[in-house]
$ cat structure-v4.cif   # mmCIF, C-alpha atoms
data_input
#
loop_
_atom_site.group_PDB
_atom_site.id
_atom_site.type_symbol
_atom_site.label_atom_id
_atom_site.label_comp_id
_atom_site.auth_asym_id
_atom_site.auth_seq_id
_atom_site.Cartn_x
_atom_site.Cartn_y
_atom_site.Cartn_z
ATOM 1 C CA VAL A 1 -13.661 -7.717 -16.983
ATOM 2 C CA ALA A 2 -11.169 -6.898 -19.739
ATOM 3 C CA ASN A 3 -11.574 -8.399 -23.213
ATOM 4 C CA PRO A 4 -8.707 -10.903 -23.661
ATOM 5 C CA THR A 5 -8.764 -10.704 -27.470
ATOM 6 C CA PRO A 6 -5.431 -9.323 -28.801
ATOM 7 C CA ILE A 7 -5.662 -6.185 -30.948
ATOM 8 C CA PRO A 8 -3.040 -4.176 -32.890
ATOM 9 C CA VAL A 9 -0.735 -1.982 -30.811
ATOM 10 C CA PRO A 10 -1.472 1.744 -31.332
ATOM 11 C CA GLU A 11 1.142 3.470 -33.503
ATOM 12 C CA HIS A 12 2.051 5.941 -30.749
ATOM 13 C CA LEU A 13 2.815 3.198 -28.189
ATOM 14 C CA ASP A 14 6.141 1.380 -27.735
ATOM 15 C CA TRP A 15 4.593 -1.771 -26.328
ATOM 16 C CA ASP A 16 7.871 -3.506 -25.478
ATOM 17 C CA ARG A 17 9.056 -0.520 -23.465
ATOM 18 C CA TRP A 18 5.662 -0.093 -21.806
ATOM 19 C CA LEU A 19 5.850 -3.684 -20.534
ATOM 20 C CA GLY A 20 9.400 -3.178 -19.291
ATOM 21 C CA PRO A 21 10.627 -6.125 -17.193
ATOM 22 C CA ALA A 22 7.108 -7.582 -16.835
ATOM 23 C CA PRO A 23 6.221 -10.790 -18.740
ATOM 24 C CA TRP A 24 5.412 -10.411 -22.414
ATOM 25 C CA ARG A 25 1.733 -10.383 -23.352
ATOM 26 C CA PRO A 26 -0.160 -9.335 -26.472
ATOM 27 C CA PHE A 27 -1.749 -5.904 -26.449
ATOM 28 C CA THR A 28 -5.435 -5.862 -25.512
ATOM 29 C CA ALA A 29 -8.049 -3.238 -24.757
ATOM 30 C CA GLY A 30 -8.297 -2.126 -21.138
ATOM 31 C CA ILE A 31 -4.659 -2.719 -20.255
ATOM 32 C CA CYS A 32 -3.015 0.724 -20.358
ATOM 33 C CA HIS A 33 -3.810 3.787 -18.271
ATOM 34 C CA PHE A 34 -5.919 3.757 -16.111
ATOM 35 C CA HIS A 35 -6.617 0.016 -16.010
ATOM 36 C CA TRP A 36 -3.047 -1.294 -15.765
ATOM 37 C CA ARG A 37 -3.523 -1.366 -11.974
ATOM 38 C CA TRP A 38 -5.897 -4.336 -12.236
ATOM 39 C CA PHE A 39 -3.042 -6.649 -13.346
ATOM 40 C CA MET A 40 -0.764 -8.332 -10.806
ATOM 41 C CA ASP A 41 2.128 -8.011 -13.274
ATOM 42 C CA TYR A 42 2.065 -4.223 -12.830
ATOM 43 C CA SER A 43 0.211 -3.444 -9.603
ATOM 44 C CA GLY A 44 -1.971 -4.893 -6.861
ATOM 45 C CA GLY A 45 -5.335 -3.300 -7.524
ATOM 46 C CA GLN A 46 -7.222 -0.875 -5.338
ATOM 47 C CA LEU A 47 -5.432 -2.237 -2.277
ATOM 48 C CA THR A 48 -1.946 -1.165 -3.340
ATOM 49 C CA ASP A 49 -3.390 1.913 -5.042
ATOM 50 C CA TRP A 50 -4.592 3.417 -1.750
ATOM 51 C CA ALA A 51 -2.524 1.635 0.894
ATOM 52 C CA GLY A 52 0.398 4.011 0.562
ATOM 53 C CA HIS A 53 -1.898 6.868 1.554
ATOM 54 C CA HIS A 54 -3.964 5.437 4.386
ATOM 55 C CA ILE A 55 -1.511 2.992 5.948
ATOM 56 C CA ASP A 56 0.999 5.827 6.024
ATOM 57 C CA ILE A 57 -1.463 7.799 8.151
ATOM 58 C CA ALA A 58 -2.263 4.780 10.348
ATOM 59 C CA HIS A 59 1.445 4.170 10.992
ATOM 60 C CA TRP A 60 2.030 7.869 11.580
ATOM 61 C CA GLY A 61 -0.593 8.032 14.299
ATOM 62 C CA LEU A 62 1.035 5.133 16.142
ATOM 63 C CA GLY A 63 4.661 6.118 15.652
ATOM 64 C CA LEU A 64 5.313 3.069 13.451
ATOM 65 C CA GLU A 65 6.477 4.853 10.289
ATOM 66 C CA ARG A 66 9.865 3.110 10.280
ATOM 67 C CA SER A 67 8.737 -0.291 11.527
ATOM 68 C CA GLY A 68 6.264 -2.976 10.504
ATOM 69 C CA PRO A 69 4.193 -5.986 11.582
ATOM 70 C CA VAL A 70 5.491 -9.394 12.628
ATOM 71 C CA GLU A 71 2.529 -11.438 11.324
ATOM 72 C CA ILE A 72 0.050 -10.953 8.491
ATOM 73 C CA GLU A 73 -3.023 -13.111 7.907
ATOM 74 C CA GLY A 74 -6.184 -12.709 5.851
ATOM 75 C CA LYS A 75 -8.347 -13.620 2.892
ATOM 76 C CA GLY A 76 -9.097 -12.075 -0.478
ATOM 77 C CA GLU A 77 -11.509 -12.530 -3.359
ATOM 78 C CA PHE A 78 -9.962 -12.686 -6.827
ATOM 79 C CA PRO A 79 -11.634 -12.489 -10.276
ATOM 80 C CA THR A 80 -12.525 -15.840 -11.838
ATOM 81 C CA GLN A 81 -12.727 -14.686 -15.461
ATOM 82 C CA GLY A 82 -11.249 -12.083 -17.786
ATOM 83 C CA LEU A 83 -7.752 -10.608 -17.673
ATOM 84 C CA TYR A 84 -7.881 -8.710 -14.396
ATOM 85 C CA ASN A 85 -6.446 -10.752 -11.523
ATOM 86 C CA VAL A 86 -5.953 -8.479 -8.503
ATOM 87 C CA PRO A 87 -8.088 -8.927 -5.367
ATOM 88 C CA VAL A 88 -11.454 -7.201 -5.615
ATOM 89 C CA LYS A 89 -12.174 -7.767 -1.922
ATOM 90 C CA TYR A 90 -9.704 -8.190 0.920
ATOM 91 C CA ASP A 91 -9.620 -8.460 4.684
ATOM 92 C CA PHE A 92 -6.358 -9.070 6.517
ATOM 93 C CA THR A 93 -4.852 -8.338 9.903
ATOM 94 C CA CYS A 94 -1.317 -7.247 10.747
ATOM 95 C CA LYS A 95 0.064 -8.024 14.191
ATOM 96 C CA TYR A 96 2.603 -5.583 15.665
ATOM 97 C CA ASP A 97 4.865 -6.456 18.558
ATOM 98 C CA ASN A 98 7.657 -3.978 19.261
ATOM 99 C CA ASP A 99 8.778 -1.395 21.798
ATOM 100 C CA ILE A 100 6.482 1.231 20.279
ATOM 101 C CA TRP A 101 3.180 -0.626 20.050
ATOM 102 C CA LYS A 102 1.697 -4.077 20.525
ATOM 103 C CA GLY A 103 -1.603 -4.610 18.766
ATOM 104 C CA ASP A 104 -3.446 -5.426 15.541
ATOM 105 C CA MET A 105 -4.154 -3.344 12.465
ATOM 106 C CA ARG A 106 -6.929 -4.520 10.165
ATOM 107 C CA VAL A 107 -6.939 -3.664 6.464
ATOM 108 C CA THR A 108 -10.305 -4.363 4.899
ATOM 109 C CA HIS A 109 -12.500 -3.659 1.901
ATOM 110 C CA ASN A 110 -15.751 -3.891 3.861
ATOM 111 C CA GLN A 111 -17.793 -1.125 5.424
ATOM 112 C CA ILE A 112 -16.290 -1.123 8.936
ATOM 113 C CA CYS A 113 -15.462 2.503 8.280
ATOM 114 C CA LYS A 114 -15.269 4.885 5.359
ATOM 115 C CA GLN A 115 -12.109 5.041 3.284
ATOM 116 C CA GLY A 116 -9.284 6.184 5.525
ATOM 117 C CA ALA A 117 -7.611 5.196 8.798
ATOM 118 C CA LYS A 118 -9.465 4.594 12.042
ATOM 119 C CA TRP A 119 -7.894 4.258 15.489
ATOM 120 C CA ILE A 120 -10.049 2.611 18.161
ATOM 121 C CA GLY A 121 -8.995 3.184 21.774
ATOM 122 C CA GLU A 122 -10.289 2.917 25.302
ATOM 123 C CA ASN A 123 -11.936 6.350 25.179
ATOM 124 C CA GLY A 124 -13.397 6.254 21.675
ATOM 125 C CA TRP A 125 -12.229 6.421 18.073
ATOM 126 C CA ILE A 126 -10.749 8.838 15.519
ATOM 127 C CA HIS A 127 -11.158 8.497 11.746
ATOM 128 C CA VAL A 128 -8.870 10.347 9.315
ATOM 129 C CA SER A 129 -9.173 10.467 5.534
ATOM 130 C CA ARG A 130 -7.999 12.752 2.769
ATOM 131 C CA ARG A 131 -11.249 14.665 3.242
ATOM 132 C CA GLY A 132 -10.933 15.414 6.938
ATOM 133 C CA MET A 133 -11.199 13.988 10.434
ATOM 134 C CA SER A 134 -14.047 12.788 12.671
ATOM 135 C CA ALA A 135 -14.271 11.156 16.092
ATOM 136 C CA SER A 136 -16.634 9.404 18.482
ATOM 137 C CA ASP A 137 -16.631 12.634 20.495
ATOM 138 C CA PRO A 138 -16.423 15.874 18.449
ATOM 139 C CA LYS A 139 -14.402 17.446 21.259
ATOM 140 C CA ILE A 140 -11.481 15.181 20.334
ATOM 141 C CA VAL A 141 -10.965 16.827 16.946
ATOM 142 C CA GLN A 142 -11.530 20.292 18.374
ATOM 143 C CA GLN A 143 -8.509 20.083 20.655
ATOM 144 C CA LYS A 144 -5.780 22.561 19.797
ATOM 145 C CA ILE A 145 -2.174 21.508 19.362
ATOM 146 C CA GLU A 146 -0.181 23.329 22.007
ATOM 147 C CA PRO A 147 3.150 25.079 21.257
ATOM 148 C CA GLY A 148 5.191 22.361 22.975
ATOM 149 C CA GLU A 149 3.537 19.501 21.046
ATOM 150 C CA ILE A 150 4.372 18.054 17.620
ATOM 151 C CA HIS A 151 3.790 20.476 14.745
ATOM 152 C CA LEU A 152 4.270 19.527 11.104
ATOM 153 C CA TYR A 153 5.739 21.849 8.545
ATOM 154 C CA ARG A 154 3.733 22.675 5.452
ATOM 155 C CA GLY A 155 4.852 22.033 1.899
ATOM 156 C CA ARG A 156 3.718 23.197 -1.530
ATOM 157 C CA GLY A 157 2.891 19.745 -2.864
ATOM 158 C CA HIS A 158 5.105 16.659 -2.958
ATOM 159 C CA ARG A 159 6.979 17.569 -6.148
ATOM 160 C CA GLN A 160 7.848 21.059 -4.977
ATOM 161 C CA ASN A 161 8.659 19.793 -1.488
ATOM 162 C CA PHE A 162 11.179 17.355 -3.000
ATOM 163 C CA VAL A 163 12.871 20.145 -4.959
ATOM 164 C CA ASP A 164 12.847 22.436 -1.917
ATOM 165 C CA CYS A 165 14.510 19.729 0.194
ATOM 166 C CA ILE A 166 17.270 19.278 -2.373
ATOM 167 C CA HIS A 167 18.277 22.854 -1.596
ATOM 168 C CA SER A 168 17.472 22.946 2.130
ATOM 169 C CA ARG A 169 18.719 19.385 2.896
ATOM 170 C CA LYS A 170 15.614 19.031 5.057
ATOM 171 C CA GLU A 171 13.780 15.690 5.178
ATOM 172 C CA THR A 172 10.794 15.600 2.852
ATOM 173 C CA ILE A 173 7.290 15.549 4.250
ATOM 174 C CA ALA A 174 6.900 12.012 2.855
ATOM 175 C CA PRO A 175 10.323 10.275 3.093
ATOM 176 C CA ILE A 176 10.953 7.347 0.753
ATOM 177 C CA GLU A 177 11.522 4.828 3.579
ATOM 178 C CA ILE A 178 8.150 5.657 5.099
ATOM 179 C CA GLY A 179 6.538 5.172 1.697
ATOM 180 C CA LEU A 180 8.202 1.759 1.495
ATOM 181 C CA ARG A 181 6.975 0.795 4.961
ATOM 182 C CA SER A 182 3.441 1.851 4.061
ATOM 183 C CA ILE A 183 3.107 0.026 0.750
ATOM 184 C CA SER A 184 4.844 -3.089 2.097
ATOM 185 C CA ILE A 185 1.787 -3.743 4.283
ATOM 186 C CA ALA A 186 -0.432 -4.041 1.208
ATOM 187 C CA LEU A 187 2.090 -6.232 -0.614
ATOM 188 C CA LEU A 188 2.477 -8.544 2.382
ATOM 189 C CA GLY A 189 -1.300 -8.728 2.715
ATOM 190 C CA GLU A 190 -1.612 -9.800 -0.911
ATOM 191 C CA ILE A 191 1.114 -12.413 -0.449
ATOM 192 C CA ALA A 192 -0.731 -13.841 2.572
ATOM 193 C CA MET A 193 -3.928 -13.980 0.508
ATOM 194 C CA LEU A 194 -2.174 -15.647 -2.440
ATOM 195 C CA VAL A 195 -0.545 -18.406 -0.379
ATOM 196 C CA GLY A 196 -3.632 -18.778 1.812
ATOM 197 C CA ARG A 197 -1.937 -18.756 5.198
ATOM 198 C CA LYS A 198 -0.401 -16.585 7.892
ATOM 199 C CA ILE A 199 3.066 -15.273 7.120
ATOM 200 C CA ARG A 200 5.683 -14.118 9.600
ATOM 201 C CA TRP A 201 7.678 -10.988 8.813
ATOM 202 C CA ASP A 202 10.941 -9.564 10.119
ATOM 203 C CA PRO A 203 10.473 -5.770 9.779
ATOM 204 C CA ASP A 204 14.149 -5.077 10.482
ATOM 205 C CA LYS A 205 15.586 -7.447 7.869
ATOM 206 C CA GLU A 206 12.501 -7.042 5.635
ATOM 207 C CA GLU A 207 12.255 -10.803 5.167
ATOM 208 C CA ILE A 208 9.473 -13.391 5.337
ATOM 209 C CA ILE A 209 10.419 -16.002 7.925
ATOM 210 C CA GLY A 210 10.340 -19.740 7.212
ATOM 211 C CA ASP A 211 8.176 -19.739 4.071
ATOM 212 C CA ALA A 212 10.024 -20.159 0.779
ATOM 213 C CA GLU A 213 6.871 -19.957 -1.350
ATOM 214 C CA ALA A 214 5.775 -16.672 0.202
ATOM 215 C CA SER A 215 9.332 -15.294 0.113
ATOM 216 C CA ALA A 216 9.516 -15.929 -3.629
ATOM 217 C CA LEU A 217 6.596 -13.527 -4.102
ATOM 218 C CA LEU A 218 8.611 -10.622 -2.669
ATOM 219 C CA GLY A 219 10.243 -10.319 -6.091
ATOM 220 C CA ARG A 220 9.821 -11.598 -9.611
ATOM 221 C CA PRO A 221 12.026 -12.571 -12.565
ATOM 222 C CA TYR A 222 12.789 -9.850 -15.107
ATOM 223 C CA ARG A 223 11.971 -10.364 -18.772
ATOM 224 C CA HIS A 224 15.114 -10.485 -20.900
ATOM 225 C CA PRO A 225 17.006 -8.242 -21.545
ATOM 226 C CA TRP A 226 15.845 -6.147 -18.568
ATOM 227 C CA VAL A 227 18.117 -6.330 -15.523
ATOM 228 C CA LEU A 228 18.482 -4.569 -12.188
#

$ encode --input "structure-v4.cif" --output "structure tokens"
Amino acid sequence: VANPTPIPVPEHLDWDRWLGPAPWRPFTAGICHFHWRWFMDYSGGQLTDWAGHHIDIAHWGLGLERSGPVEIEGKGEFPTQGLYNVPVKYDFTCKYDNDIWKGDMRVTHNQICKQGAKWIGENGWIHVSRRGMSASDPKIVQQKIEPGEIHLYRGRGHRQNFVDCIHSRKETIAPIEIGLRSISIALLGEIAMLVGRKIRWDPDKEEIIGDAEASALLGRPYRHPWVL
């Protein structure tokens, strides 16, 4: 819980520029790095912090990197005091219905599995995180990728990979559109939690269908004189 009492802006900080197009607010303790992510004006909390990583992997494993869900529904728990206002707990489900896959993906804060992505199928499950991979049957993760199967090229970190691709004209390991598709799941989940109902989504047009209130949350007004 951040202290809402305004305090003087540090001499080294250009507060107006730090806020950018976000609404004006007085400077307070616990608002800049690292805690800016607990304010809806700048971020979406732990959900949007990690979604780009793990939902990317979940989409990747299903071949959905350039698509998205058609319905999103769930609930969240938001702070009731202090300055922080992002969801501290969340549990929502995304329904997919396309030529690649028909099914549900659940995004949750509870202990269904450790941090990461978990696929549950007819013959067991696989869990992948930034620390490694596990499965219901250890033999699953011990399988070798054969020469004729999909192999991924290795990079030297995202920054260097971006520079390398400028010269090679090769697609980056993490293309910007796939990043957008990944983080949009978290943003749509938060919108569904904020309006308190199921929302329908057109992944091709990237539009919320038939809900003006929810659609308005896809963007926000810019503080003058910021424009885009």

$ closest_residue --input "structure-v4.cif" --among "A:Ile31, A:Leu152, A:Ala192, A:Ala51" --to "Glu171 of chain A" --atoms "all atoms listed in the file"
A:Leu152

$ closest_residue --input "structure-v4.cif" --among "A:Lys118, A:Arg25, A:Arg220, A:His59" --to "Trp101 of chain A" --atoms "all atoms listed in the file"
A:His59

$ atom_distance --input "structure-v4.cif" --atom1 "atom CA of Gly20 of chain A" --atom2 "atom CA of Pro225 of chain A"
9.4 Å

$ axis_aligned_box --input "structure-v4.cif" --around "segment 202-209 of chain A" --padding-each-side "4 Å" --output "JSON"
{"center_x": 12.5, "center_y": -10.5, "center_z": 7.8, "size_x": 14.1, "size_y": 18.9, "size_z": 13.3}

$ resolve_selection --input "structure-v4.cif" --expression "the PyMOL selection byres ((chain A and resi 195) around 12)" --output "PyMOL selection string"
chain A and resi 72-76+188-194+196-199+211-217

$ resolve_selection --input "structure-v4.cif" --expression "the PyMOL selection byres ((chain A and resi 22) around 8)" --output "CSV table (one decimal) with C-alpha atoms, in the frame of the given file"
chain,number,residue,atom,x,y,z
A,19,LEU,CA,5.8,-3.7,-20.5
A,20,GLY,CA,9.4,-3.2,-19.3
A,21,PRO,CA,10.6,-6.1,-17.2
A,23,PRO,CA,6.2,-10.8,-18.7
A,24,TRP,CA,5.4,-10.4,-22.4
A,41,ASP,CA,2.1,-8.0,-13.3
A,42,TYR,CA,2.1,-4.2,-12.8
A,222,TYR,CA,12.8,-9.8,-15.1
A,223,ARG,CA,12.0,-10.4,-18.8

$ atom_distance --input "structure-v4.cif" --atom1 "atom CA of Asp137 of chain A" --atom2 "atom CA of Trp125 of chain A"
8.0 Å

$ closest_residue --input "structure-v4.cif" --among "A:Val107, A:Phe34, A:Ala58, A:Ala2" --to "Pro79 of chain A" --atoms "only C-alpha atoms"
A:Ala2

$ closest_residue --input "structure-v4.cif" --among "A:Tyr153, A:Phe162, A:Tyr84, A:Trp60" --to "Ala117 of chain A" --atoms "all atoms listed in the file"
A:Trp60

$ atom_distance --input "structure-v4.cif" --atom1 "atom CA of Gly44 of chain A" --atom2 "atom CA of Lys89 of chain A"
11.7 Å

$ closest_residue --input "structure-v4.cif" --among "A:Val70, A:Val9, A:Leu64, A:Met133" --to "Arg200 of chain A" --atoms "only C-alpha atoms"
A:Val70

$ closest_residue --input "structure-v4.cif" --among "A:Leu228, A:Glu177, A:Val88, A:Gly61" --to "Ile120 of chain A" --atoms "all atoms listed in the file"
A:Gly61

$ resolve_selection --input "structure-v4.cif" --expression "the PyMOL selection byres ((chain A and resi 108) around 6)" --output "list in words"
Tyr90, Asp91, Val107, His109 and Asn110 of chain A

$ residues_around --input "structure-v4.cif" --residues "His54 of chain A" --least-positions-apart "2" --cutoff "9 Å" --atoms "all atoms listed in the file" --output "PyMOL selection string"
chain A and resi 50-52+56-59+115-117+128-130+182

$ residues_around --input "structure-v4.cif" --residues "segment 140-149 of chain A" --least-positions-apart "4" --cutoff "12 Å" --atoms "only C-alpha atoms" --output "VMD selection string"
chain A and resid 123 to 128 132 to 136

$ residues_around --input "structure-v4.cif" --residues "Arg181 of chain A" --least-positions-apart "2" --cutoff "9 Å" --atoms "only C-alpha atoms" --output "ChimeraX atom specification"
/A:52,55-56,59,64-68,176-179,183-185,203
